[in-house]
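Participant: What follows is protein-v8.txt, made up of compact mmCIF, C-alpha atoms:
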```txt
# COMPACT_ATOMS: atom_id res chain seq x y z
CA MET P 1 11.06 47.89 33.18
CA VAL P 2 9.62 48.10 36.70
CA VAL P 3 9.88 51.48 38.42
CA PHE P 4 9.17 51.84 42.12
CA VAL P 5 9.87 53.88 45.23
CA LEU P 6 11.39 52.27 48.29
CA ASN P 7 10.11 52.98 51.79
CA ASP P 8 13.11 55.21 52.42
CA GLY P 9 12.27 57.36 49.41
CA VAL P 10 14.96 55.98 47.11
CA TYR P 11 13.84 55.54 43.52
CA GLY P 12 14.85 52.37 41.73
CA THR P 13 14.41 50.52 38.46
CA ALA P 14 14.61 46.84 37.70
CA ASN P 15 13.87 44.44 34.88
CA ASP P 16 10.49 42.69 34.94
CA ARG P 17 11.89 39.67 36.74
CA GLU P 18 13.74 41.84 39.26
CA THR P 19 10.75 42.78 41.34
CA LEU P 20 10.79 44.02 44.90
CA SER P 21 10.10 40.52 46.16
CA GLU P 22 13.13 39.17 44.30
CA ILE P 23 15.29 41.94 45.70
CA ASP P 24 14.01 41.14 49.20
CA ARG P 25 14.78 37.46 48.62
CA ARG P 26 18.35 38.31 47.56
CA LEU P 27 18.79 40.52 50.61
CA LYS P 28 17.71 37.68 52.88
CA LEU P 29 20.30 35.41 51.26
CA LEU P 30 23.05 38.01 51.60
CA ASN P 31 22.19 39.35 55.06
CA LYS P 32 22.21 36.53 57.56
CA PRO P 33 20.60 36.96 61.01
CA ALA P 34 22.88 39.00 63.24
CA VAL P 35 23.85 38.26 66.83
CA LYS P 36 24.69 41.96 67.10
CA SER P 37 24.69 44.95 64.70
CA ILE P 38 27.05 47.92 64.79
CA LYS P 39 26.23 51.30 63.21
CA SER P 40 29.41 52.82 61.82
CA GLU P 41 30.01 56.56 61.54
CA ASP P 42 30.42 56.13 57.77
CA GLY P 43 26.82 54.90 57.44
CA ASP P 44 27.61 51.18 57.22
CA ILE P 45 25.83 48.59 59.31
CA ILE P 46 28.15 45.77 60.37
CA ASP P 47 26.31 42.58 61.30
CA CYS P 48 28.03 40.13 63.67
CA VAL P 49 26.95 36.77 62.22
CA ASP P 50 27.44 33.31 63.74
CA ILE P 51 30.56 31.95 62.05
CA TYR P 52 28.73 28.73 61.11
CA LYS P 53 25.80 30.63 59.54
CA GLN P 54 27.75 32.93 57.23
CA PRO P 55 26.81 33.18 53.51
CA ALA P 56 29.76 31.09 52.27
CA PHE P 57 28.10 27.83 53.20
CA ASP P 58 25.24 28.46 50.78
CA HIS P 59 27.66 27.81 47.90
CA PRO P 60 26.88 24.43 46.25
CA ALA P 61 30.52 23.34 46.52
CA LEU P 62 30.57 24.11 50.25
CA ARG P 63 27.36 22.47 51.45
CA ASN P 64 29.33 19.76 53.28
CA HIS P 65 32.40 21.90 53.88
CA THR P 66 34.23 21.53 57.19
CA LEU P 67 35.12 24.96 58.52
CA GLN P 68 38.88 25.43 58.90
CA LEU P 69 39.23 27.81 61.82
CA ARG P 70 42.94 28.47 61.31
CA PRO P 71 45.69 27.61 58.82
CA SER P 72 47.42 24.24 59.23
CA ILE P 73 50.79 26.05 59.18
CA ASP P 74 52.16 29.28 60.58
CA LEU P 75 51.62 31.73 57.72
CA PRO P 76 54.75 33.65 56.73
CA SER P 77 54.49 37.30 57.79
CA GLU P 78 56.59 40.33 58.53
CA LYS P 79 56.04 42.49 61.60
CA VAL P 80 53.42 45.22 61.33
CA ASP P 81 54.17 48.04 63.78
CA LYS P 82 51.35 49.83 65.59
CA ILE P 83 53.04 53.09 64.62
CA ASN P 84 54.18 53.66 61.04
CA GLU P 85 57.32 55.39 59.81
CA SER P 86 55.80 58.86 60.24
CA GLY P 87 54.89 58.19 63.86
CA TRP P 88 51.18 58.04 63.06
CA PRO P 89 48.84 55.14 63.94
CA VAL P 90 48.32 52.44 61.33
CA VAL P 91 45.14 52.24 59.27
CA ILE P 92 42.00 50.96 60.98
CA GLN P 93 38.53 50.06 59.73
CA THR P 94 36.08 52.88 60.41
CA TRP P 95 33.38 50.70 61.99
CA GLN P 96 35.81 49.52 64.67
CA LYS P 97 35.45 52.92 66.38
CA ASN P 98 31.86 52.02 67.24
CA GLY P 99 32.07 48.49 68.60
CA THR P 100 33.37 44.94 68.31
CA CYS P 101 31.89 41.60 67.29
CA PRO P 102 31.75 38.78 69.86
CA LYS P 103 34.01 35.76 69.50
CA GLY P 104 32.36 33.05 67.44
CA THR P 105 30.90 35.62 65.03
CA VAL P 106 32.23 37.30 61.89
CA PRO P 107 31.64 40.97 60.93
CA ILE P 108 29.74 41.32 57.64
CA ARG P 109 28.87 44.61 55.97
CA SER P 110 25.09 44.66 55.53
CA ILE P 111 23.81 45.00 51.96
CA ARG P 112 20.96 47.49 51.40
CA LYS P 113 18.24 47.69 48.74
CA GLN P 114 19.86 50.72 47.16
CA ASP P 115 23.11 48.75 46.78
CA LEU P 116 21.30 46.17 44.65
CA LEU P 117 19.48 48.84 42.66
CA ARG P 118 22.72 50.47 41.54
CA ALA P 119 23.81 47.21 39.88
CA ALA P 120 23.12 46.57 36.20
CA SER P 121 21.13 43.52 37.32
CA LEU P 122 20.81 41.27 40.34
CA GLU P 123 23.01 38.71 38.58
CA HIS P 124 25.77 41.29 38.11
CA PHE P 125 25.68 42.71 41.62
CA GLY P 126 29.14 42.60 43.18
CA ARG P 127 30.80 41.24 40.03
CA LYS P 128 33.30 42.57 37.57
CA THR P 129 32.47 42.45 33.90
CA PRO P 130 34.21 39.56 32.09
CA GLU P 131 37.91 40.31 31.69
CA ILE P 132 38.32 39.99 27.93
CA SER P 133 41.93 40.20 26.81
CA TYR P 134 43.02 41.53 23.46
CA THR P 135 44.33 38.05 22.66
CA ALA P 136 40.85 36.55 22.82
CA ASN P 137 41.19 36.35 19.05
CA ARG P 138 44.72 35.01 18.72
CA LYS P 139 44.79 35.20 14.92
CA GLU P 140 44.16 38.94 14.96
CA ALA P 141 46.66 39.52 17.75
CA THR P 142 49.61 37.55 16.37
CA ASN P 143 51.24 40.30 14.33
CA SER P 144 50.82 43.06 16.90
CA SER P 145 51.70 41.25 20.12
CA LYS P 146 54.45 42.53 22.41
CA PHE P 147 56.19 40.43 25.01
CA ILE P 148 57.76 40.85 28.44
CA ASN P 149 60.63 38.44 29.01
CA ILE P 150 60.73 37.26 32.63
CA ASN P 151 63.27 34.52 33.36
CA ASN P 152 63.14 33.44 29.69
CA THR P 153 59.36 33.19 29.91
CA LYS P 154 57.61 35.27 27.26
CA LEU P 155 54.52 36.93 28.67
CA ASP P 156 52.27 38.40 25.99
CA THR P 157 51.40 41.90 27.23
CA ARG P 158 48.06 41.60 25.48
CA ASP P 159 47.18 39.00 28.08
CA LEU P 160 47.70 41.73 30.69
CA SER P 161 45.74 44.31 28.70
CA MET P 162 41.99 44.03 29.14
CA VAL P 163 38.97 45.73 27.59
CA ASN P 164 37.61 48.56 29.81
CA ARG P 165 40.55 48.26 32.20
CA SER P 166 43.79 50.18 32.50
CA ALA P 167 46.45 48.60 34.69
CA ALA P 168 49.85 49.64 36.04
CA VAL P 169 51.56 46.66 37.65
CA LEU P 170 54.69 44.88 38.77
CA VAL P 171 54.49 41.28 37.57
CA THR P 172 56.32 37.98 38.06
CA VAL P 173 55.54 34.79 36.16
CA GLY P 174 56.79 31.29 35.48
CA TYR P 175 57.08 29.90 38.99
CA ASN P 176 55.00 27.85 41.40
CA TYR P 177 53.82 30.59 43.71
CA LEU P 178 52.24 29.63 47.02
CA GLY P 179 51.58 33.18 48.13
CA ALA P 180 52.34 36.89 47.89
CA GLN P 181 52.42 39.92 50.15
CA GLY P 182 52.91 43.67 50.02
CA ASP P 183 52.47 46.89 52.01
CA ILE P 184 50.03 49.00 49.98
CA ASN P 185 50.05 52.77 50.42
CA VAL P 186 46.49 54.02 51.16
CA TRP P 187 44.96 56.94 49.22
CA ASN P 188 41.54 58.17 48.15
CA PRO P 189 41.71 58.79 44.38
CA ASN P 190 38.96 60.60 42.51
CA VAL P 191 36.41 58.47 40.62
CA ASP P 192 34.94 60.30 37.66
CA LEU P 193 32.17 58.32 35.95
CA GLU P 194 29.23 56.38 37.39
CA ASP P 195 30.51 52.91 36.46
CA ASP P 196 34.20 53.57 37.21
CA TYR P 197 36.26 52.15 40.04
CA THR P 198 39.94 52.27 40.96
CA THR P 199 42.06 49.81 42.95
CA ALA P 200 45.47 49.23 44.51
CA GLN P 201 45.91 45.51 45.04
CA ILE P 202 47.61 42.13 44.71
CA TRP P 203 46.53 39.40 42.27
CA LEU P 204 47.49 35.70 42.27
CA LYS P 205 46.45 33.99 39.06
CA GLY P 206 46.40 30.63 37.32
CA GLY P 207 45.05 29.43 34.00
CA PRO P 208 44.51 31.11 30.61
CA GLY P 209 41.72 33.29 29.23
CA ASP P 210 38.22 32.08 29.99
CA ARG P 211 39.69 29.57 32.48
CA LEU P 212 41.56 32.23 34.41
CA GLU P 213 41.42 31.74 38.17
CA SER P 214 42.32 34.62 40.47
CA VAL P 215 42.31 35.62 44.14
CA GLU P 216 42.75 39.33 44.85
CA SER P 217 42.80 41.85 47.66
CA GLY P 218 43.74 45.45 48.42
CA TRP P 219 41.87 48.75 48.66
CA MET P 220 39.36 50.22 46.26
CA VAL P 221 37.11 53.23 45.59
CA ASN P 222 33.92 51.93 43.95
CA PRO P 223 30.84 54.21 44.28
CA LYS P 224 28.57 51.93 42.27
CA LEU P 225 29.18 48.97 44.55
CA TYR P 226 29.39 50.72 47.92
CA GLY P 227 27.34 53.88 47.38
CA ASP P 228 30.12 56.31 48.36
CA LYS P 229 33.64 57.36 47.41
CA ARG P 230 35.40 56.08 50.50
CA THR P 231 38.54 53.96 50.32
CA ARG P 232 37.62 50.39 51.29
CA PHE P 233 39.39 47.09 51.96
CA PHE P 234 38.21 44.56 49.38
CA THR P 235 38.61 41.02 48.11
CA TYR P 236 37.71 39.34 44.82
CA TRP P 237 37.84 35.85 43.31
CA THR P 238 36.96 34.18 40.02
CA ALA P 239 37.30 30.66 38.64
CA ASP P 240 36.31 31.38 35.02
CA GLY P 241 37.84 34.65 33.84
CA TYR P 242 35.25 36.80 35.64
CA GLU P 243 32.39 35.30 33.63
CA THR P 244 29.89 33.76 36.07
CA THR P 245 31.86 32.90 39.23
CA GLY P 246 33.18 35.03 42.05
CA CYS P 247 32.53 38.52 43.38
CA PHE P 248 33.74 41.36 45.55
CA ASP P 249 33.84 40.71 49.30
CA LEU P 250 30.81 38.71 50.51
CA THR P 251 28.37 39.87 47.82
CA CYS P 252 28.13 36.22 46.74
CA THR P 253 28.91 32.90 48.37
CA GLY P 254 32.44 31.50 48.40
CA PHE P 255 34.87 33.28 50.72
CA VAL P 256 34.89 31.84 54.25
CA GLN P 257 35.53 34.36 57.01
CA THR P 258 37.11 33.26 60.29
CA ASP P 259 38.12 36.53 62.01
CA SER P 260 35.83 38.56 64.27
CA GLU P 261 37.62 41.90 63.86
CA VAL P 262 38.04 42.62 60.13
CA ALA P 263 35.11 43.19 57.74
CA LEU P 264 35.39 42.80 53.97
CA GLY P 265 34.26 45.93 52.12
CA ALA P 266 34.68 48.17 55.18
CA SER P 267 36.04 51.69 54.79
CA ILE P 268 39.52 52.37 56.12
CA ASP P 269 41.24 55.45 57.52
CA PRO P 270 43.28 57.54 57.87
CA ILE P 271 44.32 58.30 54.29
CA SER P 272 47.75 59.42 53.07
CA SER P 273 48.31 63.02 51.97
CA ARG P 274 50.83 64.48 49.52
CA GLY P 275 53.92 65.55 51.42
CA GLY P 276 52.27 64.45 54.66
CA PRO P 277 51.83 61.25 56.68
CA GLN P 278 51.86 58.03 54.66
CA TYR P 279 49.58 55.14 55.62
CA GLN P 280 49.57 51.58 54.39
CA ILE P 281 47.87 48.21 54.76
CA THR P 282 49.69 44.89 54.58
CA ILE P 283 47.95 42.33 52.37
CA GLY P 284 49.05 38.69 52.32
CA ILE P 285 47.56 35.73 50.45
CA THR P 286 48.96 32.25 51.15
CA LEU P 287 48.09 28.73 50.00
CA ASP P 288 47.65 26.21 52.80
CA PRO P 289 49.69 23.24 51.49
CA ASN P 290 47.54 20.74 53.40
CA SER P 291 44.00 21.95 52.67
CA GLY P 292 44.54 23.81 49.38
CA ASN P 293 42.67 26.82 50.82
CA TRP P 294 44.00 30.32 50.07
CA TRP P 295 44.29 32.30 53.33
CA LEU P 296 43.93 36.08 53.40
CA GLN P 297 45.81 38.29 55.86
CA TYR P 298 45.09 41.96 56.56
CA ASN P 299 47.85 43.68 58.54
CA ASN P 300 49.05 40.14 59.38
CA LYS P 301 45.69 39.24 60.91
CA VAL P 302 44.22 36.08 59.38
CA VAL P 303 40.81 37.08 57.98
CA GLY P 304 39.60 33.89 56.29
CA TYR P 305 40.08 31.83 53.15
CA TRP P 306 38.98 30.99 49.63
CA PRO P 307 38.25 27.23 49.77
CA ALA P 308 40.11 24.89 47.44
CA ASN P 309 36.76 23.57 46.17
CA LEU P 310 36.19 26.83 44.30
CA PHE P 311 39.14 26.23 41.96
CA SER P 312 40.78 23.71 39.66
CA LEU P 313 44.25 25.15 39.06
CA LEU P 314 44.68 27.49 42.02
CA LYS P 315 44.14 24.68 44.50
CA HIS P 316 47.75 23.69 43.67
CA ASN P 317 49.58 26.99 43.07
CA ALA P 318 49.55 30.29 41.18
CA ILE P 319 51.70 30.90 38.12
CA LEU P 320 51.48 34.70 37.96
CA VAL P 321 51.50 37.44 40.61
CA GLU P 322 50.77 41.13 40.09
CA TRP P 323 51.09 44.12 42.43
CA GLY P 324 49.73 47.53 41.45
CA GLY P 325 46.64 49.41 40.40
CA GLN P 326 43.75 49.12 37.99
CA VAL P 327 41.09 51.53 36.76
CA PHE P 328 37.89 50.11 35.36
CA SER P 329 35.93 52.39 33.04
CA PRO P 330 34.15 52.24 29.68
CA SER P 331 36.25 55.34 28.90
CA VAL P 332 39.83 54.09 29.22
CA LYS P 333 42.06 53.73 26.17
CA LYS P 334 40.01 56.30 24.26
CA THR P 335 39.37 60.05 23.94
CA PRO P 336 37.82 61.64 25.87
CA HIS P 337 39.40 59.61 28.63
CA THR P 338 37.84 59.11 32.06
CA LYS P 339 39.31 61.40 34.71
CA THR P 340 39.30 58.59 37.30
CA ALA P 341 42.65 58.59 39.08
CA MET P 342 44.85 55.68 40.15
CA GLY P 343 46.81 55.55 43.39
CA SER P 344 47.38 59.04 44.76
CA GLY P 345 46.61 60.67 41.41
CA GLU P 346 50.31 61.43 40.97
CA MET P 347 52.46 59.72 38.37
CA ALA P 348 54.97 57.14 39.62
CA ASN P 349 57.98 59.44 39.25
CA ALA P 350 56.61 61.70 42.01
CA LEU P 351 58.03 59.02 44.34
CA LEU P 352 57.76 58.61 48.12
CA GLY P 353 55.36 60.95 49.86
CA ASN P 354 53.50 61.81 46.67
CA ALA P 355 53.01 58.73 44.47
CA CYS P 356 51.25 55.55 45.59
CA PHE P 357 53.62 52.70 46.42
CA ILE P 358 53.76 49.05 47.31
CA LYS P 359 56.78 48.09 49.36
CA ASN P 360 57.93 44.85 50.95
CA VAL P 361 56.90 43.13 47.71
CA ARG P 362 57.19 39.41 48.47
CA ILE P 363 56.34 36.01 47.04
CA ILE P 364 56.15 32.67 48.82
CA ASP P 365 57.60 29.60 47.13
CA ASN P 366 57.94 25.95 48.19
CA SER P 367 60.20 27.00 51.06
CA LEU P 368 57.16 28.77 52.59
CA GLN P 369 59.37 31.80 53.20
CA LEU P 370 58.71 35.39 52.15
CA LYS P 371 61.24 36.66 49.60
CA TYR P 372 61.54 39.32 46.91
CA PRO P 373 60.75 37.78 43.49
CA GLU P 374 63.84 36.68 41.63
CA TRP P 375 62.44 38.00 38.33
CA VAL P 376 60.06 40.93 37.86
CA ALA P 377 58.89 43.26 35.10
CA THR P 378 56.66 46.34 34.99
CA TRP P 379 53.67 46.91 32.76
CA GLY P 380 51.25 49.76 32.11
CA ASP P 381 48.39 49.92 29.63
CA GLU P 382 48.52 53.71 29.23
CA TYR P 383 51.86 55.16 30.31
CA TYR P 384 50.74 58.74 29.66
CA CYS P 385 47.73 58.24 31.95
CA TYR P 386 48.93 55.80 34.62
CA ASN P 387 52.60 54.90 34.79
CA VAL P 388 54.95 52.66 36.77
CA PHE P 389 58.42 52.79 38.30
CA ASN P 390 60.15 50.04 40.25
CA ASP P 391 62.69 51.91 42.36
CA VAL P 392 65.53 49.50 43.10
CA LYS P 393 67.53 51.79 45.37
CA ASP P 394 69.06 50.16 48.42
CA TYR P 395 65.98 50.64 50.60
CA ARG P 396 65.94 48.80 53.91
CA ASP P 397 63.15 46.47 52.78
CA GLY P 398 64.10 46.15 49.11
CA PRO P 399 62.78 47.88 45.97
CA ILE P 400 59.65 50.05 46.18
CA PHE P 401 57.11 49.89 43.36
CA PHE P 402 55.41 53.20 42.47
CA PHE P 403 52.35 53.53 40.23
CA GLY P 404 49.43 55.81 39.44
CA GLY P 405 48.28 58.90 37.60
CA GLN P 406 45.52 61.41 36.91
CA PRO P 407 44.14 61.60 33.35
CA GLY P 408 43.74 65.19 32.23
CA SER P 409 46.95 66.26 33.98
CA ASN P 410 48.98 66.19 30.76
CA LEU P 411 48.37 66.75 27.03
CA TYR P 412 48.86 63.09 26.15
CA CYS P 413 45.94 61.78 28.24
CA LEU P 414 42.81 63.90 27.88
```
Turn the structure described in the file into structure tokens.
Facilitator:
Amino acid sequence: MVVFVLNDGVYGTANDRETLSEIDRRLKLLNKPAVKSIKSEDGDIIDCVDIYKQPAFDHPALRNHTLQLRPSIDLPSEKVDKINESGWPVVIQTWQKNGTCPKGTVPIRSIRKQDLLRAASLEHFGRKTPEISYTANRKEATNSSKFININNTKLDTRDLSMVNRSAAVLVTVGYNYLGAQGDINVWNPNVDLEDDYTTAQIWLKGGPGDRLESVESGWMVNPKLYGDKRTRFFTYWTADGYETTGCFDLTCTGFVQTDSEVALGASIDPISSRGGPQYQITIGITLDPNSGNWWLQYNNKVVGYWPANLFSLLKHNAILVEWGGQVFSPSVKKTPHTKTAMGSGEMANALLGNACFIKNVRIIDNSLQLKYPEWVATWGDEYYCYNVFNDVKDYRDGPIFFFGGQPGSNLYCL
């Protein structure tokens, strides 16, 4: 193990092969030359990078990639007001208070040495651990499996239940999905342990087990990745069940950014408060039927895309969509349980103004229109810790999905 002190006084450790020179080399690959840099009040440095020199094009599958500057179709979207229901401004990215990136550039959150040093290794920086389901060994799982029946499709809940993860989601399956959208309530839940993180997000998935392909986006609190406990806009992708491909944001090559105003991994504010103003971000992910690229929208602004070349199955459609939250921790599904919260930290039955919600839940099918899924089900790994409630009252915009919780708040989850 190599132990050293950085110039800024931060202590770090690395394996023998992860020397300072290797860390510097990785930083040069991640941090492209900036046309302009913006210092954000939250401590981030946002680099405005030439759109044609962004990290994505270092990916082997994208060496000869032709940049698609905009979708080939008008992406389905619903109006996002500049003032939300409480009369308060919508959520912004913190760095935007301090400047803007010129046209022809994309804003990229600069990666620092200490960010790399917090990772288990350079190879694991910005990546989830492999998402191993409890049906990895099908013979052992056969007698204890439980199923959700969605439109006569049996979904084994053990395929939703993953080691070191606790989820609380609304799910639809068994259709050719070309996109999904939702308005995600923004909170800042407590993160307890060093390796923990907590999300509120949308997933679009295709393929089984170790061939799982997924594109994801929402907000997250992840101190190990970002170095603080701020709520941040994030993306993720994988083409092999989170084994060796994909990453958060732009911590690896793959995602192609096209917008000059929205930065992946940037902190967002303001944050909702219990009984007070409620804030939300609108996340949309849509397949371009002509290019096979998956386009990401943030508050209906087109941010960029995951190229079709990254995937095998997802280049055609997704077969499963999830909306909700997830807590990653080595201490879920055991006692003592991590105290990391999900959503607002309130259980789902606290409802509007207290519990985290996703409203305007929508899928996109072959009609390329946004619509509420015809068939849905709810699922939670640990109902006493993080629970779910799909409120189907006659709300103006359809059912509202509530989820979340705070371990330690009741006797059944300590």
Participant: Measuring atom to atom with all atoms listed in the file, identify which of P:Asn98, P:Asn290, P:Thr129, P:Thr378 is nearest to Ser329 in chain P.
Facilitator: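 Of the candidates, the smallest distance to Ser329 in chain P is held by P:Thr129.
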Participant: Using all atoms listed in the file, determine which residues lie at most 12 Å from range 307-315 of chain P, disregarding the query and same-chain residues fewer than 3 positions distant; provide the list as a PyMOL selection string.
Facilitator: chain P and resi 56-57+59-68+71+176-179+204-208+211-215+237-241+245-246+253-257+286-296+304+318-320
Participant: Rank nothing, just name the residue among P:Ser166, P:Arg118, P:Ala266, P:Val186 nearest to Ser40 in chain P, using only C-alpha atoms.
Facilitator: P:Ala266
Participant: Near Ile358 in chain P, counting only C-alpha atoms, which residues have an atom at most 6 Å away, once you skip same-chain residues fewer than 6 positions from it, shown as a CSV table (one decimal) with C-alpha atoms, keeping the file's coordinate frame?
Facilitator:
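Result went into around.csv, see below:
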```csv
chain,number,residue,atom,x,y,z
P,183,ASP,CA,52.5,46.9,52.0
P,184,ILE,CA,50.0,49.0,50.0
P,401,PHE,CA,57.1,49.9,43.4
```
Participant: For Cys252 in chain P, work out the shell of residues within 8 Å, counting all atoms listed in the file and skipping chain neighbours fewer than 3 positions away, then give it as a list in words.
Facilitator: Leu30, Pro55, Ala56, Gly126, Gly246, Cys247, Phe248 and Asp249 of chain P
Participant: Put those residues in a file: C-alpha atoms, as a PDB file, in the frame of the given file.
Facilitator:
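selection-v7.pdb was written with the following content:
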```
ATOM      1  CA  LEU P  30      23.050  38.010  51.600  1.00  0.00           C
ATOM      2  CA  PRO P  55      26.810  33.180  53.510  1.00  0.00           C
ATOM      3  CA  ALA P  56      29.760  31.090  52.270  1.00  0.00           C
ATOM      4  CA  GLY P 126      29.140  42.600  43.180  1.00  0.00           C
ATOM      5  CA  GLY P 246      33.180  35.030  42.050  1.00  0.00           C
ATOM      6  CA  CYS P 247      32.530  38.520  43.380  1.00  0.00           C
ATOM      7  CA  PHE P 248      33.740  41.360  45.550  1.00  0.00           C
ATOM      8  CA  ASP P 249      33.840  40.710  49.300  1.00  0.00           C
TER       9      ASP P 249
END
```
Participant: Could you rebuild range 92-99 of chain P with all heavy atoms and give it back as a PDB file, in the frame of the given file?
Facilitator:
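Contents of rebuild-v7.pdb, as written:
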```pdb
ATOM      1  N   ILE P  92      43.014  51.791  60.349  1.00  0.00           N
ATOM      2  CA  ILE P  92      42.000  50.960  60.980  1.00  0.00           C
ATOM      3  C   ILE P  92      40.748  50.944  60.106  1.00  0.00           C
ATOM      4  O   ILE P  92      40.632  51.738  59.163  1.00  0.00           O
ATOM      5  CB  ILE P  92      41.624  51.459  62.396  1.00  0.00           C
ATOM      6  CG1 ILE P  92      40.945  52.837  62.310  1.00  0.00           C
ATOM      7  CG2 ILE P  92      42.840  51.497  63.300  1.00  0.00           C
ATOM      8  CD1 ILE P  92      40.292  53.268  63.593  1.00  0.00           C
ATOM      9  N   GLN P  93      39.814  50.046  60.409  1.00  0.00           N
ATOM     10  CA  GLN P  93      38.530  50.060  59.730  1.00  0.00           C
ATOM     11  C   GLN P  93      37.587  50.968  60.511  1.00  0.00           C
ATOM     12  O   GLN P  93      37.501  50.893  61.742  1.00  0.00           O
ATOM     13  CB  GLN P  93      37.976  48.639  59.639  1.00  0.00           C
ATOM     14  CG  GLN P  93      38.853  47.726  58.782  1.00  0.00           C
ATOM     15  CD  GLN P  93      38.104  46.501  58.298  1.00  0.00           C
ATOM     16  OE1 GLN P  93      37.366  45.867  59.042  1.00  0.00           O
ATOM     17  NE2 GLN P  93      38.307  46.162  57.031  1.00  0.00           N
ATOM     18  N   THR P  94      36.881  51.825  59.789  1.00  0.00           N
ATOM     19  CA  THR P  94      36.080  52.880  60.410  1.00  0.00           C
ATOM     20  C   THR P  94      35.079  52.329  61.425  1.00  0.00           C
ATOM     21  O   THR P  94      34.895  52.892  62.523  1.00  0.00           O
ATOM     22  CB  THR P  94      35.348  53.693  59.335  1.00  0.00           C
ATOM     23  OG1 THR P  94      36.300  54.140  58.347  1.00  0.00           O
ATOM     24  CG2 THR P  94      34.658  54.902  59.938  1.00  0.00           C
ATOM     25  N   TRP P  95      34.424  51.230  61.104  1.00  0.00           N
ATOM     26  CA  TRP P  95      33.380  50.700  61.990  1.00  0.00           C
ATOM     27  C   TRP P  95      33.921  50.273  63.352  1.00  0.00           C
ATOM     28  O   TRP P  95      33.174  50.233  64.339  1.00  0.00           O
ATOM     29  CB  TRP P  95      32.670  49.507  61.338  1.00  0.00           C
ATOM     30  CG  TRP P  95      33.500  48.255  61.244  1.00  0.00           C
ATOM     31  CD1 TRP P  95      34.359  47.915  60.253  1.00  0.00           C
ATOM     32  CD2 TRP P  95      33.525  47.172  62.185  1.00  0.00           C
ATOM     33  NE1 TRP P  95      34.948  46.697  60.498  1.00  0.00           N
ATOM     34  CE2 TRP P  95      34.448  46.219  61.687  1.00  0.00           C
ATOM     35  CE3 TRP P  95      32.875  46.913  63.385  1.00  0.00           C
ATOM     36  CZ2 TRP P  95      34.728  45.025  62.358  1.00  0.00           C
ATOM     37  CZ3 TRP P  95      33.156  45.727  64.063  1.00  0.00           C
ATOM     38  CH2 TRP P  95      34.072  44.798  63.548  1.00  0.00           C
ATOM     39  N   GLN P  96      35.219  49.981  63.419  1.00  0.00           N
ATOM     40  CA  GLN P  96      35.810  49.520  64.670  1.00  0.00           C
ATOM     41  C   GLN P  96      35.794  50.585  65.769  1.00  0.00           C
ATOM     42  O   GLN P  96      35.950  50.272  66.945  1.00  0.00           O
ATOM     43  CB  GLN P  96      37.247  49.057  64.419  1.00  0.00           C
ATOM     44  CG  GLN P  96      37.339  47.827  63.515  1.00  0.00           C
ATOM     45  CD  GLN P  96      38.755  47.522  63.066  1.00  0.00           C
ATOM     46  OE1 GLN P  96      39.638  48.387  63.081  1.00  0.00           O
ATOM     47  NE2 GLN P  96      38.989  46.284  62.660  1.00  0.00           N
ATOM     48  N   LYS P  97      35.557  51.856  65.385  1.00  0.00           N
ATOM     49  CA  LYS P  97      35.450  52.920  66.380  1.00  0.00           C
ATOM     50  C   LYS P  97      34.157  52.810  67.193  1.00  0.00           C
ATOM     51  O   LYS P  97      34.041  53.404  68.263  1.00  0.00           O
ATOM     52  CB  LYS P  97      35.487  54.293  65.698  1.00  0.00           C
ATOM     53  CG  LYS P  97      36.724  54.569  64.861  1.00  0.00           C
ATOM     54  CD  LYS P  97      36.579  55.887  64.112  1.00  0.00           C
ATOM     55  CE  LYS P  97      37.734  56.131  63.154  1.00  0.00           C
ATOM     56  NZ  LYS P  97      37.553  57.392  62.382  1.00  0.00           N
ATOM     57  N   ASN P  98      33.193  52.045  66.648  1.00  0.00           N
ATOM     58  CA  ASN P  98      31.860  52.020  67.240  1.00  0.00           C
ATOM     59  C   ASN P  98      31.487  50.703  67.919  1.00  0.00           C
ATOM     60  O   ASN P  98      30.364  50.556  68.412  1.00  0.00           O
ATOM     61  CB  ASN P  98      30.807  52.354  66.183  1.00  0.00           C
ATOM     62  CG  ASN P  98      30.995  53.741  65.605  1.00  0.00           C
ATOM     63  OD1 ASN P  98      31.609  53.900  64.559  1.00  0.00           O
ATOM     64  ND2 ASN P  98      30.501  54.750  66.290  1.00  0.00           N
ATOM     65  N   GLY P  99      32.398  49.741  67.926  1.00  0.00           N
ATOM     66  CA  GLY P  99      32.070  48.490  68.600  1.00  0.00           C
ATOM     67  C   GLY P  99      32.900  47.332  68.107  1.00  0.00           C
ATOM     68  O   GLY P  99      33.753  47.477  67.220  1.00  0.00           O
TER      69      GLY P  99
END
```
